[in-house]
Amino acid sequence: MLYTAGFGLITFICSSFFFLLFPILFQSFFDDENWTVAKNILFLFLLVFFISVGNYYYNSLVQNTQNIDLLSLKDFLGFTFTIAIFPIIIFTYVSEKMYRYHREKTAKKIMNIKLSKKVDSKDINTNEIIIFGENNKENISFNVNDLIYITSQGNYASFYLKTEKQTKERIIRSTLFNIQKCLNNYSNFVRCHKSYIINTKFINSVSGNARGYYLKSDSINKKIPVSRNFKKDELTNLIS
């Protein structure tokens, strides 16, 4: 009984280490914004591998080898992965379906709230605004009502502006943090993601899948991602 309980203890220790300590040690890998199905499967396979190794060393220390041959590490890996492969596939599939269902359901609720809201005809300030780049030698000026969204590309930021015929892109060397400070007086500009600032006046709908929520606009063909830190009421406020 105690011999069998030891395997459970090793499994518990390895699982605790992976689920509690790993996300702290490898924060970039476990970043919610960049989490994928492939990372999820890799994480589970590594967990199973370490459980196999831990149980192998535990077994080599405590197993009575007088009547039973000592199992090799290869045997432990084979047995453990054979047992774990189907739970890993099922867990990944079910979790993805649950995330997708939850976010699609939330997106529909938000769109229903949007349809029931009264339209606020008050526009944001129509004055021109000037934003300077990091070296203060370049700048971009535009009407705040024409800015659809801003996205970062390395050390540069791209501004997407609505014109009579098409959307125009302007680029300056600056960070979204500095740009956001310049737009603080305009409530319609929201940083919805670490790489995006959007003008809520142009956002028409929200959709969701297992990876997260996305904003849509009739003015662009691109789906704009939303940070997973946003709550339902905050998402609702992003839809004009």
# chains A, B, ... in the order shown; residues from 1 in each chain; ligands from 1
call {"tool": "residues_around", "arguments": {"residues": "Lys97 in chain A", "least_positions_apart": "5", "cutoff": "9 Å", "atoms": "only C-alpha atoms", "output": "ChimeraX atom specification"}}
result
/A:92,102,209-210
call {"tool": "residues_around", "arguments": {"residues": "Leu147 in chain A", "least_positions_apart": "6", "cutoff": "9 Å", "atoms": "only C-alpha atoms", "output": "PDB file with N, CA and C atoms, in the first residue's frame"}}
result
ATOM      1  N   PHE A 159      -0.143  53.749 -37.569  1.00  0.00           N
ATOM      2  CA  PHE A 159      -1.441  54.400 -37.385  1.00  0.00           C
ATOM      3  C   PHE A 159      -2.289  54.122 -38.628  1.00  0.00           C
ATOM      4  N   TYR A 160      -3.497  53.633 -38.417  1.00  0.00           N
ATOM      5  CA  TYR A 160      -4.390  53.352 -39.539  1.00  0.00           C
ATOM      6  C   TYR A 160      -5.518  54.379 -39.522  1.00  0.00           C
ATOM      7  N   LEU A 161      -5.528  55.207 -40.565  1.00  0.00           N
ATOM      8  CA  LEU A 161      -6.442  56.341 -40.642  1.00  0.00           C
ATOM      9  C   LEU A 161      -7.459  56.145 -41.761  1.00  0.00           C
ATOM     10  N   LYS A 162      -8.690  56.523 -41.490  1.00  0.00           N
ATOM     11  CA  LYS A 162      -9.755  56.399 -42.485  1.00  0.00           C
ATOM     12  C   LYS A 162      -9.748  57.610 -43.404  1.00  0.00           C
ATOM     13  N   ILE A 198      -7.251  50.919 -29.946  1.00  0.00           N
ATOM     14  CA  ILE A 198      -8.355  51.028 -30.905  1.00  0.00           C
ATOM     15  C   ILE A 198      -9.217  52.250 -30.607  1.00  0.00           C
ATOM     16  N   ASN A 199      -9.880  52.725 -31.647  1.00  0.00           N
ATOM     17  CA  ASN A 199     -10.890  53.767 -31.516  1.00  0.00           C
ATOM     18  C   ASN A 199     -12.238  53.054 -31.473  1.00  0.00           C
ATOM     19  N   PHE A 202     -15.097  52.937 -34.167  1.00  0.00           N
ATOM     20  CA  PHE A 202     -15.047  52.144 -35.392  1.00  0.00           C
ATOM     21  C   PHE A 202     -15.298  50.653 -35.147  1.00  0.00           C
TER      22      PHE A 202
END
call {"tool": "closest_residue", "arguments": {"among": "A:Lys201, A:Asn237, A:Ile89, A:Asn155", "to": "Asp218 in chain A", "atoms": "only C-alpha atoms"}}
result
A:Lys201
call {"tool": "residues_around", "arguments": {"residues": "Glu138 in chain A", "least_positions_apart": "5", "cutoff": "12 Å", "atoms": "only C-alpha atoms", "output": "PyMOL selection string"}}
result
chain A and resi 130-133+170-174
call {"tool": "residues_around", "arguments": {"residues": "Val206 in chain A", "least_positions_apart": "4", "cutoff": "9 Å", "atoms": "only C-alpha atoms", "output": "PDB file with N, CA and C atoms, in the first residue's frame"}}
result
ATOM      1  N   ALA A 107     -19.414  36.563 -26.365  1.00  0.00           N
ATOM      2  CA  ALA A 107     -19.447  37.494 -27.499  1.00  0.00           C
ATOM      3  C   ALA A 107     -20.886  37.754 -27.945  1.00  0.00           C
ATOM      4  N   LYS A 108     -21.717  36.718 -27.964  1.00  0.00           N
ATOM      5  CA  LYS A 108     -23.117  36.886 -28.350  1.00  0.00           C
ATOM      6  C   LYS A 108     -23.866  37.755 -27.343  1.00  0.00           C
ATOM      7  N   ILE A 110     -22.561  40.088 -25.492  1.00  0.00           N
ATOM      8  CA  ILE A 110     -22.093  41.469 -25.671  1.00  0.00           C
ATOM      9  C   ILE A 110     -22.781  42.113 -26.863  1.00  0.00           C
ATOM     10  N   MET A 111     -22.924  41.348 -27.969  1.00  0.00           N
ATOM     11  CA  MET A 111     -23.581  41.895 -29.152  1.00  0.00           C
ATOM     12  C   MET A 111     -25.062  42.174 -28.879  1.00  0.00           C
ATOM     13  N   TYR A 213     -10.764  36.696 -27.520  1.00  0.00           N
ATOM     14  CA  TYR A 213     -11.763  37.537 -28.167  1.00  0.00           C
ATOM     15  C   TYR A 213     -11.113  38.408 -29.237  1.00  0.00           C
ATOM     16  N   TYR A 214     -11.928  38.766 -30.257  1.00  0.00           N
ATOM     17  CA  TYR A 214     -11.438  39.585 -31.351  1.00  0.00           C
ATOM     18  C   TYR A 214     -12.466  40.660 -31.681  1.00  0.00           C
ATOM     19  N   LEU A 215     -11.972  41.860 -31.971  1.00  0.00           N
ATOM     20  CA  LEU A 215     -12.838  42.970 -32.342  1.00  0.00           C
ATOM     21  C   LEU A 215     -12.866  43.115 -33.859  1.00  0.00           C
ATOM     22  N   LYS A 216     -14.021  43.500 -34.384  1.00  0.00           N
ATOM     23  CA  LYS A 216     -14.171  43.671 -35.823  1.00  0.00           C
ATOM     24  C   LYS A 216     -14.670  45.078 -36.136  1.00  0.00           C
ATOM     25  N   LEU A 235     -15.308  44.480 -22.110  1.00  0.00           N
ATOM     26  CA  LEU A 235     -15.488  44.145 -23.524  1.00  0.00           C
ATOM     27  C   LEU A 235     -16.718  44.837 -24.094  1.00  0.00           C
ATOM     28  N   THR A 236     -17.771  44.878 -23.298  1.00  0.00           N
ATOM     29  CA  THR A 236     -19.004  45.528 -23.753  1.00  0.00           C
ATOM     30  C   THR A 236     -18.772  46.989 -24.072  1.00  0.00           C
ATOM     31  N   LEU A 238     -16.196  48.282 -25.291  1.00  0.00           N
ATOM     32  CA  LEU A 238     -15.389  48.455 -26.500  1.00  0.00           C
ATOM     33  C   LEU A 238     -16.244  48.485 -27.754  1.00  0.00           C
ATOM     34  N   ILE A 239     -17.493  48.068 -27.646  1.00  0.00           N
ATOM     35  CA  ILE A 239     -18.383  48.039 -28.800  1.00  0.00           C
ATOM     36  C   ILE A 239     -19.210  49.297 -28.833  1.00  0.00           C
TER      37      ILE A 239
END
call {"tool": "select_by_dssp", "arguments": {"residues": "range 105-208 of chain A", "states": "strand (DSSP E)", "output": "PyMOL selection string"}}
result
chain A and resi 128-132+139-143+147-153+156-162+167-173+189-193+196-199+205-208
call {"tool": "residues_around", "arguments": {"residues": "range 26-37 of chain A", "least_positions_apart": "6", "cutoff": "9 Å", "atoms": "only C-alpha atoms", "output": "ChimeraX atom specification"}}
result
/A:92,96,193-194,211-212,226-229
call {"tool": "atom_distance", "arguments": {"atom1": "CA of Ala84 in chain A", "atom2": "CA of Phe45 in chain A"}}
result
8.6 Å
call {"tool": "atom_distance", "arguments": {"atom1": "CA of Glu234 in chain A", "atom2": "CA of Gln153 in chain A"}}
result
25.3 Å
call {"tool": "residues_around", "arguments": {"residues": "Phe79 in chain A", "least_positions_apart": "3", "cutoff": "12 Å", "atoms": "only C-alpha atoms", "output": "ChimeraX atom specification"}}
result
/A:48-49,51-53,55-56,71-76,82-85
call {"tool": "write_last_selection", "arguments": {"atoms": "C-alpha atoms", "output": "PDB file, in the first residue's frame"}}
result
ATOM      1  CA  VAL A  48       4.265  13.128 -18.128  1.00  0.00           C
ATOM      2  CA  PHE A  49       7.987  12.774 -18.907  1.00  0.00           C
ATOM      3  CA  ILE A  51       6.461  12.006 -13.725  1.00  0.00           C
ATOM      4  CA  SER A  52       7.909   8.968 -15.519  1.00  0.00           C
ATOM      5  CA  VAL A  53      11.475   9.847 -14.524  1.00  0.00           C
ATOM      6  CA  ASN A  55       8.569   7.317 -10.573  1.00  0.00           C
ATOM      7  CA  TYR A  56      11.473   5.413 -12.131  1.00  0.00           C
ATOM      8  CA  LEU A  71      11.903  -1.848 -14.597  1.00  0.00           C
ATOM      9  CA  SER A  72      14.117   0.324 -16.790  1.00  0.00           C
ATOM     10  CA  LEU A  73      13.608   4.042 -17.451  1.00  0.00           C
ATOM     11  CA  LYS A  74      12.577   3.169 -21.005  1.00  0.00           C
ATOM     12  CA  ASP A  75       9.887   0.854 -19.647  1.00  0.00           C
ATOM     13  CA  PHE A  76       8.545   3.558 -17.317  1.00  0.00           C
ATOM     14  CA  THR A  82       0.858   4.822 -23.222  1.00  0.00           C
ATOM     15  CA  ILE A  83      -1.489   5.483 -20.319  1.00  0.00           C
ATOM     16  CA  ALA A  84      -1.316   9.298 -20.607  1.00  0.00           C
ATOM     17  CA  ILE A  85      -1.630   9.821 -24.377  1.00  0.00           C
TER      18      ILE A  85
END
call {"tool": "atom_distance", "arguments": {"atom1": "CA of Ser152 in chain A", "atom2": "CA of Gln180 in chain A"}}
result
11.7 Å
call {"tool": "residues_around", "arguments": {"residues": "Glu128 in chain A", "least_positions_apart": "6", "cutoff": "12 Å", "atoms": "only C-alpha atoms", "output": "VMD selection string"}}
result
chain A and resid 140 to 147 183
call {"tool": "write_last_selection", "arguments": {"atoms": "all heavy atoms", "output": "PDB file, in the first residue's frame"}}
result
ATOM      1  N   ILE A 140       3.382  62.760 -36.423  1.00  0.00           N
ATOM      2  CA  ILE A 140       2.207  62.446 -37.215  1.00  0.00           C
ATOM      3  C   ILE A 140       1.051  63.284 -36.712  1.00  0.00           C
ATOM      4  O   ILE A 140       0.856  63.416 -35.498  1.00  0.00           O
ATOM      5  CB  ILE A 140       1.873  60.935 -37.147  1.00  0.00           C
ATOM      6  CG1 ILE A 140       0.610  60.631 -37.936  1.00  0.00           C
ATOM      7  CG2 ILE A 140       1.733  60.456 -35.718  1.00  0.00           C
ATOM      8  CD1 ILE A 140       0.292  59.145 -38.034  1.00  0.00           C
ATOM      9  N   SER A 141       0.309  63.881 -37.618  1.00  0.00           N
ATOM     10  CA  SER A 141      -0.857  64.679 -37.244  1.00  0.00           C
ATOM     11  C   SER A 141      -2.086  64.115 -37.937  1.00  0.00           C
ATOM     12  O   SER A 141      -2.013  63.673 -39.093  1.00  0.00           O
ATOM     13  CB  SER A 141      -0.658  66.151 -37.633  1.00  0.00           C
ATOM     14  OG  SER A 141      -0.520  66.279 -39.027  1.00  0.00           O
ATOM     15  N   PHE A 142      -3.199  64.116 -37.238  1.00  0.00           N
ATOM     16  CA  PHE A 142      -4.417  63.551 -37.808  1.00  0.00           C
ATOM     17  C   PHE A 142      -5.614  64.045 -37.009  1.00  0.00           C
ATOM     18  O   PHE A 142      -5.486  64.539 -35.885  1.00  0.00           O
ATOM     19  CB  PHE A 142      -4.375  62.015 -37.786  1.00  0.00           C
ATOM     20  CG  PHE A 142      -4.104  61.440 -36.426  1.00  0.00           C
ATOM     21  CD1 PHE A 142      -5.142  61.170 -35.534  1.00  0.00           C
ATOM     22  CD2 PHE A 142      -2.804  61.186 -36.015  1.00  0.00           C
ATOM     23  CE1 PHE A 142      -4.885  60.649 -34.269  1.00  0.00           C
ATOM     24  CE2 PHE A 142      -2.545  60.659 -34.760  1.00  0.00           C
ATOM     25  CZ  PHE A 142      -3.585  60.384 -33.880  1.00  0.00           C
ATOM     26  N   ASN A 143      -6.785  63.888 -37.597  1.00  0.00           N
ATOM     27  CA  ASN A 143      -8.024  64.173 -36.892  1.00  0.00           C
ATOM     28  C   ASN A 143      -8.384  62.952 -36.065  1.00  0.00           C
ATOM     29  O   ASN A 143      -8.374  61.835 -36.573  1.00  0.00           O
ATOM     30  CB  ASN A 143      -9.136  64.484 -37.900  1.00  0.00           C
ATOM     31  CG  ASN A 143     -10.396  65.008 -37.219  1.00  0.00           C
ATOM     32  OD1 ASN A 143     -11.018  64.302 -36.430  1.00  0.00           O
ATOM     33  ND2 ASN A 143     -10.771  66.234 -37.540  1.00  0.00           N
ATOM     34  N   VAL A 144      -8.691  63.160 -34.803  1.00  0.00           N
ATOM     35  CA  VAL A 144      -8.939  62.028 -33.916  1.00  0.00           C
ATOM     36  C   VAL A 144     -10.111  61.167 -34.377  1.00  0.00           C
ATOM     37  O   VAL A 144     -10.200  59.993 -34.044  1.00  0.00           O
ATOM     38  CB  VAL A 144      -9.174  62.503 -32.462  1.00  0.00           C
ATOM     39  CG1 VAL A 144      -7.901  63.048 -31.857  1.00  0.00           C
ATOM     40  CG2 VAL A 144     -10.293  63.527 -32.407  1.00  0.00           C
ATOM     41  N   ASN A 145     -11.021  61.739 -35.159  1.00  0.00           N
ATOM     42  CA  ASN A 145     -12.164  60.973 -35.651  1.00  0.00           C
ATOM     43  C   ASN A 145     -11.793  60.050 -36.800  1.00  0.00           C
ATOM     44  O   ASN A 145     -12.586  59.187 -37.181  1.00  0.00           O
ATOM     45  CB  ASN A 145     -13.283  61.909 -36.110  1.00  0.00           C
ATOM     46  CG  ASN A 145     -13.985  62.578 -34.948  1.00  0.00           C
ATOM     47  OD1 ASN A 145     -14.272  61.943 -33.941  1.00  0.00           O
ATOM     48  ND2 ASN A 145     -14.249  63.868 -35.088  1.00  0.00           N
ATOM     49  N   ASP A 146     -10.593  60.231 -37.365  1.00  0.00           N
ATOM     50  CA  ASP A 146     -10.170  59.413 -38.505  1.00  0.00           C
ATOM     51  C   ASP A 146      -9.292  58.230 -38.095  1.00  0.00           C
ATOM     52  O   ASP A 146      -9.044  57.340 -38.903  1.00  0.00           O
ATOM     53  CB  ASP A 146      -9.390  60.276 -39.513  1.00  0.00           C
ATOM     54  CG  ASP A 146     -10.271  61.350 -40.140  1.00  0.00           C
ATOM     55  OD1 ASP A 146     -11.489  61.122 -40.234  1.00  0.00           O
ATOM     56  OD2 ASP A 146      -9.728  62.404 -40.523  1.00  0.00           O
ATOM     57  N   LEU A 147      -8.820  58.214 -36.858  1.00  0.00           N
ATOM     58  CA  LEU A 147      -7.935  57.141 -36.422  1.00  0.00           C
ATOM     59  C   LEU A 147      -8.747  55.894 -36.062  1.00  0.00           C
ATOM     60  O   LEU A 147      -9.571  55.909 -35.161  1.00  0.00           O
ATOM     61  CB  LEU A 147      -7.117  57.594 -35.210  1.00  0.00           C
ATOM     62  CG  LEU A 147      -6.165  56.544 -34.618  1.00  0.00           C
ATOM     63  CD1 LEU A 147      -5.127  56.093 -35.641  1.00  0.00           C
ATOM     64  CD2 LEU A 147      -5.487  57.089 -33.369  1.00  0.00           C
ATOM     65  N   LEU A 183      -3.015  60.173 -25.869  1.00  0.00           N
ATOM     66  CA  LEU A 183      -4.437  60.014 -26.168  1.00  0.00           C
ATOM     67  C   LEU A 183      -5.302  59.883 -24.916  1.00  0.00           C
ATOM     68  O   LEU A 183      -6.486  59.551 -25.009  1.00  0.00           O
ATOM     69  CB  LEU A 183      -4.640  58.769 -27.042  1.00  0.00           C
ATOM     70  CG  LEU A 183      -3.962  58.788 -28.414  1.00  0.00           C
ATOM     71  CD1 LEU A 183      -4.099  57.422 -29.092  1.00  0.00           C
ATOM     72  CD2 LEU A 183      -4.556  59.873 -29.305  1.00  0.00           C
TER      73      LEU A 183
END
call {"tool": "closest_residue", "arguments": {"among": "A:Ile13, A:Ile88, A:Ile220, A:Ile179", "to": "Phe43 in chain A", "atoms": "only C-alpha atoms"}}
result
A:Ile88
